[in-house]
Structures are given as C-alpha cells and as structure tokens.
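Visitor: Here you go, this is input_8.cif (mmCIF, C-alpha atoms).
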```cif
data_entry
loop_
_atom_site.group_PDB
_atom_site.id
_atom_site.type_symbol
_atom_site.label_atom_id
_atom_site.label_comp_id
_atom_site.auth_asym_id
_atom_site.auth_seq_id
_atom_site.Cartn_x
_atom_site.Cartn_y
_atom_site.Cartn_z
ATOM 1 C CA MET M 1 89.401 108.542 91.818
ATOM 2 C CA PRO M 2 87.641 105.254 90.938
ATOM 3 C CA PRO M 3 83.837 105.248 91.133
ATOM 4 C CA ALA M 4 82.044 104.688 94.429
ATOM 5 C CA ILE M 5 80.519 101.217 94.329
ATOM 6 C CA ILE M 6 78.928 101.544 97.772
ATOM 7 C CA ARG M 7 76.887 104.711 98.188
ATOM 8 C CA VAL M 8 74.881 105.661 101.273
ATOM 9 C CA GLU M 9 72.943 108.929 101.249
ATOM 10 C CA ASN M 10 71.168 110.449 104.274
ATOM 11 C CA LEU M 11 70.343 107.033 105.728
ATOM 12 C CA VAL M 12 67.922 106.773 108.662
ATOM 13 C CA LYS M 13 67.067 103.553 110.505
ATOM 14 C CA GLN M 14 64.985 103.132 113.626
ATOM 15 C CA PHE M 15 63.350 100.312 115.525
ATOM 16 C CA GLY M 16 60.079 101.570 116.896
ATOM 17 C CA LYS M 17 60.864 104.967 118.385
ATOM 18 C CA HIS M 18 64.556 104.144 118.839
ATOM 19 C CA VAL M 19 66.703 105.757 116.127
ATOM 20 C CA VAL M 20 69.887 103.739 115.472
ATOM 21 C CA ILE M 21 71.278 105.528 112.397
ATOM 22 C CA ASP M 22 70.438 109.143 111.674
ATOM 23 C CA ASN M 23 71.196 110.894 108.378
ATOM 24 C CA CYS M 24 74.403 108.948 107.600
ATOM 25 C CA SER M 25 76.194 109.213 104.260
ATOM 26 C CA LEU M 26 79.122 107.148 102.997
ATOM 27 C CA HIS M 27 80.936 106.563 99.701
ATOM 28 C CA ILE M 28 83.335 103.628 99.297
ATOM 29 C CA HIS M 29 85.366 103.267 96.117
ATOM 30 C CA GLN M 30 86.938 100.372 94.259
ATOM 31 C CA GLY M 31 90.118 99.148 95.904
ATOM 32 C CA SER M 32 89.249 100.783 99.249
ATOM 33 C CA VAL M 33 89.123 99.018 102.607
ATOM 34 C CA PHE M 34 86.866 100.845 105.052
ATOM 35 C CA GLY M 35 87.087 100.170 108.795
ATOM 36 C CA LEU M 36 83.991 100.559 110.955
ATOM 37 C CA VAL M 37 84.424 100.822 114.724
ATOM 38 C CA GLY M 38 82.196 101.824 117.624
ATOM 39 C CA LEU M 39 80.837 100.758 120.970
ATOM 40 C CA ASN M 40 78.557 97.754 121.399
ATOM 41 C CA GLY M 41 75.060 98.657 120.268
ATOM 42 C CA ALA M 42 76.209 101.635 118.197
ATOM 43 C CA GLY M 43 74.584 100.283 115.020
ATOM 44 C CA LYS M 44 77.512 98.763 113.102
ATOM 45 C CA THR M 45 75.761 95.467 112.388
ATOM 46 C CA THR M 46 72.572 97.345 111.526
ATOM 47 C CA LEU M 47 74.448 99.375 108.902
ATOM 48 C CA ILE M 48 75.884 96.236 107.306
ATOM 49 C CA ARG M 49 72.451 94.602 107.282
ATOM 50 C CA LEU M 50 71.049 97.671 105.544
ATOM 51 C CA LEU M 51 73.753 97.396 102.875
ATOM 52 C CA LEU M 52 72.749 93.772 102.338
ATOM 53 C CA GLY M 53 69.027 94.485 102.188
ATOM 54 C CA LEU M 54 68.324 92.414 105.288
ATOM 55 C CA LEU M 55 66.838 95.585 106.784
ATOM 56 C CA LYS M 56 65.067 98.475 105.084
ATOM 57 C CA PRO M 57 65.629 102.083 106.190
ATOM 58 C CA GLU M 58 63.013 104.648 107.123
ATOM 59 C CA ALA M 59 64.679 107.230 104.872
ATOM 60 C CA GLY M 60 67.698 107.695 102.631
ATOM 61 C CA ALA M 61 69.192 105.775 99.735
ATOM 62 C CA VAL M 62 71.672 102.903 99.410
ATOM 63 C CA SER M 63 73.365 101.608 96.282
ATOM 64 C CA VAL M 64 75.742 98.626 96.195
ATOM 65 C CA LEU M 65 77.236 97.858 92.796
ATOM 66 C CA GLY M 66 74.387 99.836 91.273
ATOM 67 C CA HIS M 67 71.710 97.769 93.049
ATOM 68 C CA VAL M 68 69.197 98.803 95.698
ATOM 69 C CA PRO M 69 69.826 96.050 98.288
ATOM 70 C CA TRP M 70 66.238 95.585 99.508
ATOM 71 C CA GLU M 71 65.122 94.753 95.972
ATOM 72 C CA HIS M 72 67.018 91.477 96.549
ATOM 73 C CA ASP M 73 68.455 90.993 93.070
ATOM 74 C CA GLU M 74 70.345 87.694 93.169
ATOM 75 C CA THR M 75 73.086 89.054 90.919
ATOM 76 C CA LEU M 76 74.046 91.486 93.700
ATOM 77 C CA TYR M 77 74.649 88.657 96.149
ATOM 78 C CA GLN M 78 76.701 86.762 93.582
ATOM 79 C CA ARG M 79 79.029 89.774 93.498
ATOM 80 C CA CYS M 80 79.322 90.153 97.300
ATOM 81 C CA GLY M 81 81.314 88.327 99.960
ATOM 82 C CA VAL M 82 79.685 88.445 103.387
ATOM 83 C CA VAL M 83 80.540 87.462 106.945
ATOM 84 C CA LEU M 84 77.831 87.892 109.578
ATOM 85 C CA GLU M 85 77.333 86.149 112.909
ATOM 86 C CA ASN M 86 76.345 82.889 111.176
ATOM 87 C CA ASP M 87 78.919 81.055 109.039
ATOM 88 C CA GLY M 88 76.226 79.963 106.582
ATOM 89 C CA PHE M 89 77.437 76.360 106.423
ATOM 90 C CA SER M 90 75.077 73.441 106.990
ATOM 91 C CA GLY M 91 76.211 71.579 110.088
ATOM 92 C CA ASN M 92 75.176 68.209 108.671
ATOM 93 C CA LEU M 93 77.414 68.558 105.600
ATOM 94 C CA ASP M 94 81.195 68.618 105.262
ATOM 95 C CA VAL M 95 83.216 71.512 103.802
ATOM 96 C CA LYS M 96 83.199 70.149 100.253
ATOM 97 C CA ASP M 97 79.440 69.640 100.081
ATOM 98 C CA ASN M 98 78.806 73.070 101.577
ATOM 99 C CA LEU M 99 81.077 74.720 99.037
ATOM 100 C CA LYS M 100 79.264 72.915 96.231
ATOM 101 C CA ILE M 101 76.048 74.645 97.298
ATOM 102 C CA PHE M 102 77.663 78.096 97.317
ATOM 103 C CA ALA M 103 79.483 77.426 94.038
ATOM 104 C CA ALA M 104 76.171 76.595 92.388
ATOM 105 C CA ALA M 105 74.570 79.751 93.808
ATOM 106 C CA LYS M 106 77.421 81.845 92.380
ATOM 107 C CA GLU M 107 77.422 79.890 89.114
ATOM 108 C CA LEU M 108 81.050 78.825 89.592
ATOM 109 C CA ALA M 109 82.485 75.714 87.978
ATOM 110 C CA TRP M 110 83.555 73.159 90.575
ATOM 111 C CA LYS M 111 87.034 72.821 89.053
ATOM 112 C CA ASN M 112 87.519 76.549 89.704
ATOM 113 C CA VAL M 113 86.471 76.118 93.333
ATOM 114 C CA GLU M 114 89.010 73.324 93.773
ATOM 115 C CA ALA M 115 91.695 75.489 92.166
ATOM 116 C CA TYR M 116 90.756 78.372 94.498
ATOM 117 C CA VAL M 117 91.141 76.205 97.590
ATOM 118 C CA ARG M 118 94.394 74.643 96.367
ATOM 119 C CA GLU M 119 95.964 78.019 95.574
ATOM 120 C CA PHE M 120 94.680 80.251 98.356
ATOM 121 C CA TRP M 121 93.970 77.868 101.253
ATOM 122 C CA ALA M 122 96.964 75.532 100.992
ATOM 123 C CA GLY M 123 98.310 74.586 104.401
ATOM 124 C CA THR M 124 95.096 75.596 106.176
ATOM 125 C CA PHE M 125 92.370 73.685 107.951
ATOM 126 C CA ILE M 126 90.048 74.307 104.989
ATOM 127 C CA HIS M 127 92.427 72.645 102.519
ATOM 128 C CA GLY M 128 92.741 69.582 104.738
ATOM 129 C CA GLU M 129 88.983 69.186 105.027
ATOM 130 C CA MET M 130 88.520 69.720 101.296
ATOM 131 C CA PHE M 131 91.058 67.224 100.010
ATOM 132 C CA GLY M 132 91.632 64.909 102.974
ATOM 133 C CA PRO M 133 89.517 63.057 105.535
ATOM 134 C CA SER M 134 86.541 65.240 106.396
ATOM 135 C CA LYS M 135 83.830 65.520 109.020
ATOM 136 C CA LYS M 136 80.544 67.332 109.361
ATOM 137 C CA VAL M 137 80.759 71.058 110.028
ATOM 138 C CA LYS M 138 78.738 70.751 113.247
ATOM 139 C CA TYR M 139 81.788 69.135 114.862
ATOM 140 C CA PHE M 140 84.061 72.101 114.098
ATOM 141 C CA SER M 141 85.269 74.607 116.676
ATOM 142 C CA ARG M 142 84.092 78.212 116.574
ATOM 143 C CA GLY M 143 87.354 79.318 114.969
ATOM 144 C CA GLN M 144 87.126 76.589 112.334
ATOM 145 C CA ARG M 145 83.590 77.640 111.448
ATOM 146 C CA MET M 146 84.777 81.227 111.067
ATOM 147 C CA GLN M 147 87.400 80.002 108.598
ATOM 148 C CA CYS M 148 84.574 78.285 106.694
ATOM 149 C CA SER M 149 82.720 81.594 106.601
ATOM 150 C CA LEU M 150 85.778 83.394 105.247
ATOM 151 C CA CYS M 151 86.428 80.731 102.631
ATOM 152 C CA ARG M 152 82.830 81.136 101.462
ATOM 153 C CA ALA M 153 83.088 84.950 101.439
ATOM 154 C CA PHE M 154 86.181 85.060 99.198
ATOM 155 C CA LEU M 155 84.854 82.333 96.897
ATOM 156 C CA GLY M 156 84.803 83.641 93.331
ATOM 157 C CA TRP M 157 86.606 86.842 94.383
ATOM 158 C CA PRO M 158 83.558 89.154 94.647
ATOM 159 C CA GLU M 159 83.674 92.893 93.966
ATOM 160 C CA VAL M 160 82.352 93.914 97.406
ATOM 161 C CA TYR M 161 83.005 92.461 100.867
ATOM 162 C CA LEU M 162 80.941 93.191 103.975
ATOM 163 C CA PHE M 163 82.559 91.752 107.097
ATOM 164 C CA ASP M 164 81.052 91.928 110.587
ATOM 165 C CA GLU M 165 83.605 90.774 113.195
ATOM 166 C CA PRO M 166 85.460 88.489 110.739
ATOM 167 C CA THR M 167 88.376 87.743 113.095
ATOM 168 C CA VAL M 168 86.366 86.418 116.051
ATOM 169 C CA ALA M 169 87.891 83.182 117.404
ATOM 170 C CA LEU M 170 90.651 83.039 114.770
ATOM 171 C CA ASP M 171 94.029 81.782 115.957
ATOM 172 C CA VAL M 172 97.242 83.534 114.920
ATOM 173 C CA GLU M 173 97.716 81.576 111.693
ATOM 174 C CA ALA M 174 94.081 81.930 110.658
ATOM 175 C CA TYR M 175 94.180 85.663 111.390
ATOM 176 C CA ASP M 176 97.295 86.090 109.246
ATOM 177 C CA HIS M 177 95.618 84.150 106.463
ATOM 178 C CA PHE M 178 92.549 86.388 106.649
ATOM 179 C CA CYS M 179 94.785 89.460 106.266
ATOM 180 C CA PHE M 180 96.474 87.819 103.290
ATOM 181 C CA MET M 181 93.122 87.130 101.626
ATOM 182 C CA CYS M 182 92.024 90.741 102.186
ATOM 183 C CA ARG M 183 95.173 92.011 100.475
ATOM 184 C CA VAL M 184 94.607 89.714 97.517
ATOM 185 C CA ALA M 185 91.004 90.937 97.228
ATOM 186 C CA ARG M 186 92.152 94.529 97.370
ATOM 187 C CA SER M 187 94.760 93.889 94.678
ATOM 188 C CA ARG M 188 91.811 92.783 92.526
ATOM 189 C CA ASN M 189 90.266 96.227 93.049
ATOM 190 C CA SER M 190 87.458 95.073 95.329
ATOM 191 C CA ALA M 191 85.860 97.309 97.954
ATOM 192 C CA MET M 192 85.584 96.163 101.550
ATOM 193 C CA ILE M 193 83.925 97.150 104.813
ATOM 194 C CA ILE M 194 85.331 95.573 107.976
ATOM 195 C CA SER M 195 83.482 96.083 111.247
ATOM 196 C CA SER M 196 85.546 94.856 114.175
ATOM 197 C CA HIS M 197 86.511 95.462 117.784
ATOM 198 C CA GLN M 198 89.942 94.012 116.975
ATOM 199 C CA LEU M 199 91.710 97.273 116.251
ATOM 200 C CA SER M 200 94.903 95.612 115.063
ATOM 201 C CA ALA M 201 92.997 94.223 112.061
ATOM 202 C CA ILE M 202 91.444 97.616 111.307
ATOM 203 C CA GLU M 203 94.834 99.356 111.507
ATOM 204 C CA GLU M 204 96.583 96.717 109.434
ATOM 205 C CA LEU M 205 94.058 96.511 106.611
ATOM 206 C CA CYS M 206 92.012 99.708 106.342
ATOM 207 C CA ASP M 207 92.899 102.923 104.543
ATOM 208 C CA LEU M 208 89.885 104.794 105.942
ATOM 209 C CA VAL M 209 88.326 104.360 109.384
ATOM 210 C CA ALA M 210 85.130 105.759 110.878
ATOM 211 C CA VAL M 211 83.487 105.425 114.268
ATOM 212 C CA LEU M 212 79.723 105.007 114.419
ATOM 213 C CA ASP M 213 78.747 107.048 117.445
ATOM 214 C CA ASN M 214 75.552 108.782 118.522
ATOM 215 C CA LYS M 215 73.858 107.577 115.299
ATOM 216 C CA LYS M 216 76.462 109.297 113.099
ATOM 217 C CA LEU M 217 79.552 108.235 111.141
ATOM 218 C CA CYS M 218 82.672 110.208 112.091
ATOM 219 C CA LEU M 219 85.875 109.728 110.099
ATOM 220 C CA LEU M 220 88.986 109.056 112.175
ATOM 221 C CA ASP M 221 91.647 108.544 109.491
ATOM 222 C CA ASP M 222 91.089 111.543 107.263
ATOM 223 C CA GLY M 223 94.541 113.101 107.089
ATOM 224 C CA SER M 224 93.658 115.833 109.587
ATOM 225 C CA GLU M 225 97.006 115.508 111.373
ATOM 226 C CA ALA M 226 98.574 117.486 108.534
ATOM 227 C CA LYS M 227 96.267 120.452 109.164
ATOM 228 C CA GLU M 228 95.516 120.386 112.868
ATOM 229 C CA GLY M 229 97.949 120.780 115.715
ATOM 230 C CA GLY M 230 99.891 117.777 116.922
ATOM 231 C CA PRO M 231 103.309 116.100 117.104
ATOM 232 C CA TRP M 232 105.563 116.237 114.026
ATOM 233 C CA THR M 233 108.783 114.503 112.987
ATOM 234 C CA ILE M 234 111.647 116.078 111.013
ATOM 235 C CA VAL M 235 114.112 113.458 109.754
ATOM 236 C CA MET M 236 117.600 114.936 109.463
ATOM 237 C CA LYS M 237 121.035 114.951 111.095
ATOM 238 C CA ASN M 238 121.525 116.830 114.323
ATOM 239 C CA GLY M 239 123.774 119.849 114.521
ATOM 240 C CA PRO M 240 124.499 123.005 116.512
ATOM 241 C CA GLY M 241 121.749 125.597 116.676
ATOM 242 C CA LEU M 242 119.045 123.413 115.127
ATOM 243 C CA LYS M 243 117.108 122.930 118.332
ATOM 244 C CA GLU M 244 116.888 126.703 118.743
ATOM 245 C CA ILE M 245 115.634 127.186 115.161
ATOM 246 C CA ILE M 246 112.849 124.636 115.566
ATOM 247 C CA GLU M 247 111.798 125.862 118.996
ATOM 248 C CA ARG M 248 111.802 129.514 117.927
ATOM 249 C CA VAL M 249 109.228 128.833 115.216
ATOM 250 C CA SER M 250 107.174 126.196 117.019
ATOM 251 C CA CYS M 251 107.181 127.810 120.481
ATOM 252 C CA SER M 252 107.495 124.231 121.774
ATOM 253 C CA VAL M 253 110.263 122.066 123.197
ATOM 254 C CA ALA M 254 112.010 119.988 120.492
ATOM 255 C CA SER M 255 113.779 116.691 121.150
ATOM 256 C CA TYR M 256 116.157 114.640 118.999
ATOM 257 C CA SER M 257 116.165 110.816 118.891
ATOM 258 C CA GLU M 258 116.733 108.041 116.353
ATOM 259 C CA GLY M 259 117.812 110.417 113.612
ATOM 260 C CA ALA M 260 114.875 112.814 113.821
ATOM 261 C CA TRP M 261 113.559 115.898 115.603
ATOM 262 C CA HIS M 262 110.212 115.629 117.375
ATOM 263 C CA VAL M 263 108.173 118.730 118.114
ATOM 264 C CA MET M 264 104.597 119.810 118.828
ATOM 265 C CA LEU M 265 103.193 122.171 116.174
ATOM 266 C CA GLN M 266 100.005 124.074 116.907
ATOM 267 C CA ALA M 267 99.696 125.557 113.393
ATOM 268 C CA PRO M 268 101.400 123.147 110.948
ATOM 269 C CA LEU M 269 100.230 124.907 107.776
ATOM 270 C CA THR M 270 102.276 127.994 108.630
ATOM 271 C CA MET M 271 104.931 126.536 110.926
ATOM 272 C CA VAL M 272 106.148 123.659 108.734
ATOM 273 C CA PRO M 273 107.140 125.832 105.732
ATOM 274 C CA GLU M 274 108.885 128.321 108.022
ATOM 275 C CA ILE M 275 110.819 125.627 109.886
ATOM 276 C CA ILE M 276 111.911 124.032 106.603
ATOM 277 C CA ALA M 277 113.012 127.377 105.153
ATOM 278 C CA ARG M 278 115.091 128.256 108.215
ATOM 279 C CA LEU M 279 116.678 124.787 108.421
ATOM 280 C CA VAL M 280 117.596 124.881 104.719
ATOM 281 C CA GLN M 281 119.045 128.364 105.188
ATOM 282 C CA ALA M 282 121.156 126.914 108.003
ATOM 283 C CA GLY M 283 122.527 124.323 105.582
ATOM 284 C CA CYS M 284 120.550 121.299 106.796
ATOM 285 C CA GLY M 285 119.724 118.324 104.602
ATOM 286 C CA ILE M 286 116.119 117.430 105.407
ATOM 287 C CA LEU M 287 115.081 113.899 104.470
ATOM 288 C CA GLU M 288 111.441 113.921 105.583
ATOM 289 C CA VAL M 289 108.863 116.036 107.413
ATOM 290 C CA ARG M 290 105.669 114.340 108.544
ATOM 291 C CA PRO M 291 102.953 114.398 111.217
ATOM 292 C CA GLU M 292 103.312 111.653 113.810
ATOM 293 C CA LYS M 293 100.327 109.431 113.281
ATOM 294 C CA GLN M 294 98.350 108.435 116.366
ATOM 295 C CA ASP M 295 97.462 104.790 116.701
ATOM 296 C CA LEU M 296 93.813 103.921 116.226
ATOM 297 C CA LYS M 297 93.120 103.316 119.898
ATOM 298 C CA CYS M 298 94.287 106.843 120.732
ATOM 299 C CA LYS M 299 92.153 108.305 117.958
ATOM 300 C CA ILE M 300 89.068 106.508 119.222
ATOM 301 C CA ARG M 301 89.693 107.638 122.797
ATOM 302 C CA THR M 302 90.223 111.195 121.586
ATOM 303 C CA HIS M 303 86.954 111.044 119.667
ATOM 304 C CA TYR M 304 84.955 109.966 122.720
ATOM 305 C CA GLU M 305 86.668 112.556 124.914
ATOM 306 C CA LYS M 306 85.524 115.290 122.532
ATOM 307 C CA THR M 307 81.918 114.068 122.347
#
```
Write the structure described by the file as structure tokens, please.

Guide:
Amino acid sequence: MPPAIIRVENLVKQFGKHVVIDNCSLHIHQGSVFGLVGLNGAGKTTLIRLLLGLLKPEAGAVSVLGHVPWEHDETLYQRCGVVLENDGFSGNLDVKDNLKIFAAAKELAWKNVEAYVREFWAGTFIHGEMFGPSKKVKYFSRGQRMQCSLCRAFLGWPEVYLFDEPTVALDVEAYDHFCFMCRVARSRNSAMIISSHQLSAIEELCDLVAVLDNKKLCLLDDGSEAKEGGPWTIVMKNGPGLKEIIERVSCSVASYSEGAWHVMLQAPLTMVPEIIARLVQAGCGILEVRPEKQDLKCKIRTHYEKT
C-alpha cells in the first residue's frame, strides 16, 4: 500500500467547553479519494480546517505531506488544492489576473497556466473568461465563482486536495467537469478529501467514505458486506433444483431475475463456500458471487438507526 500522506492521530478539537472532534484518527494514502459525510454541525468543516492549519487542536497530531499544518510552511500550501466557502478570487480582478496571483504563489510559469486552462478547461466558462472577453469576478454567479475556486484548486496539479462542498451551485456540465478533474488528479496519484452533502458525488468519486457523527469518524465503505449478513447475488443460469439448494443452505427465500439468484445470507463466511460447493456439485457454471452493495444513502440511514 502506498504511504499515508494525510495522517490524523487521536485528534481532539473543542470550542470553549463544546467538544467537536474527540479522539479521531485517519490515514489517507496516495491515489485515494476519501468521502466525508455527516449532519450539519457535525464538524466536517472543522476537520478540514485543522488539516489546513487554520485551526489548532487541543490534543492529537496531524501530518499532511510530512508537514504539521499549524506551522504554516508555505511549501505545504503550494502542494495542496483547497476549496472552502470562499472562492479566494478578488472580485475586482478578472479570471486571468486572479490566476496570475495564484500562479506566482505556487511558483508556476504563466505559459504553463495557460496550457493548463487550454487543455483541461476547454469549452468551459473559465476558458472563455481566460482567452476571450472578460469581466470582473464580482459580477459572476455563485456557480461561476465555484468554478473559479475549482480551477484554482487544481492549478499545478497538487498532491493533496481538501474540498469542502465543492459542488455547491454547479450546473450539470460544471459538475461533470469537476468529476473529470478529480479523476485526472487521482490518475496522478494525488490524495483527496471531499466533504459534501451531495451523495451522488461522494458515491461517484470516493473509494472510502466515513460519517462524522457524535465527534467520531465511522467508516461506511469498509467492505463489511462480505463478512456481515446481507443480500447476495449469484450470477449463473437458472435450472431445476437450484432454488432448493440455495434456500437449504441460506435458510432464506431465493429469487431469480436478470440472470442471477438473489438471497439473504446471515453468515456469508460459512454459507457462501457451502452454496458454491453444492451448486458446482450440481453441475452449475457460476460466473460471479458478490454481496449486493447498498447505496450510500441507505448506509448513512443505517448508521444513524444504529446510533
């Protein structure tokens, strides 16, 4: 496994007597996209601000790319792409002049910035403002300013991305472009944290998801379906006596649709091997056996029902 470039150990943050984050730990590796979900006020933005050094914890340790964030080493920020509630652009400047400021801060040659916009923002609002008639940023819509924020965040292709509600106000095309940019960044082996209430973005982009609830981080996508009870799919052709074989082992009703059997397994670790062995003995050609993955909304609801 590649090294963890974001490390959080036993983190505690409180405001006055109010504890927001209590003894949280997290490791995020190169090439990983981590989704952060939770109710309003759960502490998601606070966690991201701690990773950026905008807040300092009461206890615990944080390392981002080997840096302690609250030491405010400028080289750390040159290697990070960030989206917070403010787009960071000066309202009295146009897109080009704003990008010149950020390019200088990241020590990027201007010709490389122009090449970045031409290659990765072609056909977008940003490209038009960069190379065509432009206006001051203060006249942009909320969605346009979010696109400015995203263009700034991906500038120079940083090694770490910290995104807090990056899809707010984006239209369909801008949202698709954001997903495209995330995939390009991941292909470059960057690590990413996306905090969002838009679950479709979390499901589409993230390989690991956690809910921040009651001051703790709880993993939702951890592969537990393969160990715990739940619905399973067996892809194979139907035939006489197969329903009885599956139901005898599973002690559950099995149904066949769209080329697969669907059954509830309470003990997959023991039931799956036995079902496979009996089906093979019966002469069946099994193409695939897998747990049926719950969508993220169901997982979140299940989490809150248990707590």

Visitor: With the PyMOL selection byres ((chain M and resi 219) around 6) as the selection, what would be picked from this file? Answer as a ChimeraX atom specification, please.

Guide: /M:209-210,218,220-221

Visitor: From (84.8, 82.4, 110.9), in the file's coordinates, out to 7 Å: which residues are reached, counting all atoms listed in the file? Answer as a list of chain:residue names.

Guide: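 Within the cut-off we find M:Asp87, M:Gly143, M:Gln144, M:Arg145, M:Met146, M:Gln147, M:Cys148, M:Ser149, M:Leu150, M:Pro166, M:Thr167, M:Val168.
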
Visitor: Please determine, counting all atoms listed in the file, which residue among M:Tyr77, M:Trp110, M:Phe163, M:Trp157 has the shortest atom-to-atom distance to M:Ser196.

Guide: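 Among the listed residues, M:Phe163 lies closest to M:Ser196.
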
Visitor: Please provide as a PDB file with C-alpha atoms, in the coordinates of the input all residues within 12 Å of M:Asn112, with the sequence filter that same-chain residues fewer than 4 positions apart are discarded (counting all atoms listed in the file).

Guide:
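Once written, result.pdb looks like this:
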```
ATOM      1  CA  LEU M  99      81.077  74.720  99.037  1.00  0.00           C
ATOM      2  CA  LYS M 100      79.264  72.915  96.231  1.00  0.00           C
ATOM      3  CA  ALA M 103      79.483  77.426  94.038  1.00  0.00           C
ATOM      4  CA  ALA M 104      76.171  76.595  92.388  1.00  0.00           C
ATOM      5  CA  LYS M 106      77.421  81.845  92.380  1.00  0.00           C
ATOM      6  CA  GLU M 107      77.422  79.890  89.114  1.00  0.00           C
ATOM      7  CA  LEU M 108      81.050  78.825  89.592  1.00  0.00           C
ATOM      8  CA  TYR M 116      90.756  78.372  94.498  1.00  0.00           C
ATOM      9  CA  VAL M 117      91.141  76.205  97.590  1.00  0.00           C
ATOM     10  CA  ARG M 118      94.394  74.643  96.367  1.00  0.00           C
ATOM     11  CA  GLU M 119      95.964  78.019  95.574  1.00  0.00           C
ATOM     12  CA  PHE M 120      94.680  80.251  98.356  1.00  0.00           C
ATOM     13  CA  LEU M 155      84.854  82.333  96.897  1.00  0.00           C
ATOM     14  CA  GLY M 156      84.803  83.641  93.331  1.00  0.00           C
ATOM     15  CA  TRP M 157      86.606  86.842  94.383  1.00  0.00           C
TER      16      TRP M 157
END
```

Visitor: Considering only C-alpha atoms, state which residue in the set M:Arg248, M:Arg186, M:Arg152, M:Arg7 is at the smallest distance from M:Val82.

Guide: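 Going through M:Arg248, M:Arg186, M:Arg152, M:Arg7 one by one, the smallest distance to M:Val82 is for M:Arg152.
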
Visitor: With distances taken over all atoms listed in the file, which residue among M:Ala4, M:Val249, M:Ser187, M:Ile193 lies nearest M:Leu208?

Guide: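 Closest to M:Leu208 of all the choices is M:Ile193.
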
Visitor: I would like the residues chosen by the PyMOL selection byres ((chain M and resi 46) around 10) on the shown file; could you give them as number ranges by chain?

Guide: M: 13-14, 20-21, 41-45, 47-52, 54-57

Visitor: Report as a ChimeraX atom specification the full result of the PyMOL selection byres ((chain M and resi 238) around 12) when it is applied to this structure.

Guide: /M:234-237,239-246,254-262,279,282-286

Visitor: Just give me the gap between atom CA of M:Phe178 and atom CA of M:His29 in Å, one decimal is fine.

Guide: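 Going from atom CA of M:Phe178 over to atom CA of M:His29 covers 21.2 Å.
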
Visitor: Which one of M:Glu74, M:Ser252, M:Ile202, M:Gly38 sits closest to M:His303 if you count all atoms listed in the file?

Guide: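 With all atoms listed in the file as the atom set, the closest residue is M:Gly38.
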
Visitor: Take atom CA of M:Thr75 and atom CA of M:Cys179 and report the distance between them in Å, one decimal.

Guide: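 Result for atom CA of M:Thr75 versus atom CA of M:Cys179: 26.6 Å, one decimal.
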
Visitor: Got a sec: who's within 12 Å of M:Gly66, counting all atoms listed in the file, leaving out chain neighbours fewer than 2 positions off, as a PyMOL selection string?

Guide: chain M and resi 3-8+51+61-64+68-69+71+73+75-76+79+159-160

Visitor: For atom CA of M:Glu85 and atom CA of M:Ala191, quote the distance in Å rounded to one decimal.

Guide: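 We find that atom CA of M:Glu85 and atom CA of M:Ala191 lie 20.5 Å from each other.
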
Visitor: Could stretch 170-187 of chain M be completed with N, CA and C atoms and written as a PDB file, in the coordinates of the input, please?

Guide:
```
ATOM      1  N   LEU M 170      89.559  83.510 115.622  1.00  0.00           N
ATOM      2  CA  LEU M 170      90.651  83.039 114.770  1.00  0.00           C
ATOM      3  C   LEU M 170      91.947  82.937 115.565  1.00  0.00           C
ATOM      4  N   ASP M 171      92.708  81.869 115.345  1.00  0.00           N
ATOM      5  CA  ASP M 171      94.029  81.782 115.957  1.00  0.00           C
ATOM      6  C   ASP M 171      95.010  82.623 115.139  1.00  0.00           C
ATOM      7  N   VAL M 172      96.259  82.647 115.557  1.00  0.00           N
ATOM      8  CA  VAL M 172      97.242  83.534 114.920  1.00  0.00           C
ATOM      9  C   VAL M 172      97.401  83.218 113.440  1.00  0.00           C
ATOM     10  N   GLU M 173      97.515  81.943 113.095  1.00  0.00           N
ATOM     11  CA  GLU M 173      97.716  81.576 111.693  1.00  0.00           C
ATOM     12  C   GLU M 173      96.485  81.901 110.857  1.00  0.00           C
ATOM     13  N   ALA M 174      95.310  81.641 111.395  1.00  0.00           N
ATOM     14  CA  ALA M 174      94.081  81.930 110.658  1.00  0.00           C
ATOM     15  C   ALA M 174      93.892  83.427 110.481  1.00  0.00           C
ATOM     16  N   TYR M 175      94.264  84.207 111.498  1.00  0.00           N
ATOM     17  CA  TYR M 175      94.180  85.663 111.390  1.00  0.00           C
ATOM     18  C   TYR M 175      95.120  86.173 110.293  1.00  0.00           C
ATOM     19  N   ASP M 176      96.345  85.681 110.284  1.00  0.00           N
ATOM     20  CA  ASP M 176      97.295  86.090 109.246  1.00  0.00           C
ATOM     21  C   ASP M 176      96.783  85.724 107.857  1.00  0.00           C
ATOM     22  N   HIS M 177      96.139  84.569 107.768  1.00  0.00           N
ATOM     23  CA  HIS M 177      95.618  84.150 106.463  1.00  0.00           C
ATOM     24  C   HIS M 177      94.468  85.052 106.029  1.00  0.00           C
ATOM     25  N   PHE M 178      93.626  85.450 106.972  1.00  0.00           N
ATOM     26  CA  PHE M 178      92.549  86.388 106.649  1.00  0.00           C
ATOM     27  C   PHE M 178      93.125  87.696 106.101  1.00  0.00           C
ATOM     28  N   CYS M 179      94.162  88.221 106.743  1.00  0.00           N
ATOM     29  CA  CYS M 179      94.785  89.460 106.266  1.00  0.00           C
ATOM     30  C   CYS M 179      95.351  89.273 104.868  1.00  0.00           C
ATOM     31  N   PHE M 180      95.951  88.129 104.621  1.00  0.00           N
ATOM     32  CA  PHE M 180      96.474  87.819 103.290  1.00  0.00           C
ATOM     33  C   PHE M 180      95.358  87.824 102.250  1.00  0.00           C
ATOM     34  N   MET M 181      94.235  87.194 102.564  1.00  0.00           N
ATOM     35  CA  MET M 181      93.122  87.130 101.626  1.00  0.00           C
ATOM     36  C   MET M 181      92.555  88.524 101.352  1.00  0.00           C
ATOM     37  N   CYS M 182      92.504  89.367 102.379  1.00  0.00           N
ATOM     38  CA  CYS M 182      92.024  90.741 102.186  1.00  0.00           C
ATOM     39  C   CYS M 182      92.929  91.504 101.229  1.00  0.00           C
ATOM     40  N   ARG M 183      94.238  91.305 101.356  1.00  0.00           N
ATOM     41  CA  ARG M 183      95.173  92.011 100.475  1.00  0.00           C
ATOM     42  C   ARG M 183      95.037  91.521  99.034  1.00  0.00           C
ATOM     43  N   VAL M 184      94.815  90.229  98.863  1.00  0.00           N
ATOM     44  CA  VAL M 184      94.607  89.714  97.517  1.00  0.00           C
ATOM     45  C   VAL M 184      93.333  90.321  96.922  1.00  0.00           C
ATOM     46  N   ALA M 185      92.265  90.366  97.708  1.00  0.00           N
ATOM     47  CA  ALA M 185      91.004  90.937  97.228  1.00  0.00           C
ATOM     48  C   ALA M 185      91.180  92.404  96.858  1.00  0.00           C
ATOM     49  N   ARG M 186      91.931  93.121  97.672  1.00  0.00           N
ATOM     50  CA  ARG M 186      92.152  94.529  97.370  1.00  0.00           C
ATOM     51  C   ARG M 186      92.981  94.695  96.092  1.00  0.00           C
ATOM     52  N   SER M 187      93.944  93.819  95.898  1.00  0.00           N
ATOM     53  CA  SER M 187      94.760  93.889  94.678  1.00  0.00           C
ATOM     54  C   SER M 187      93.919  93.646  93.437  1.00  0.00           C
TER      55      SER M 187
END
```
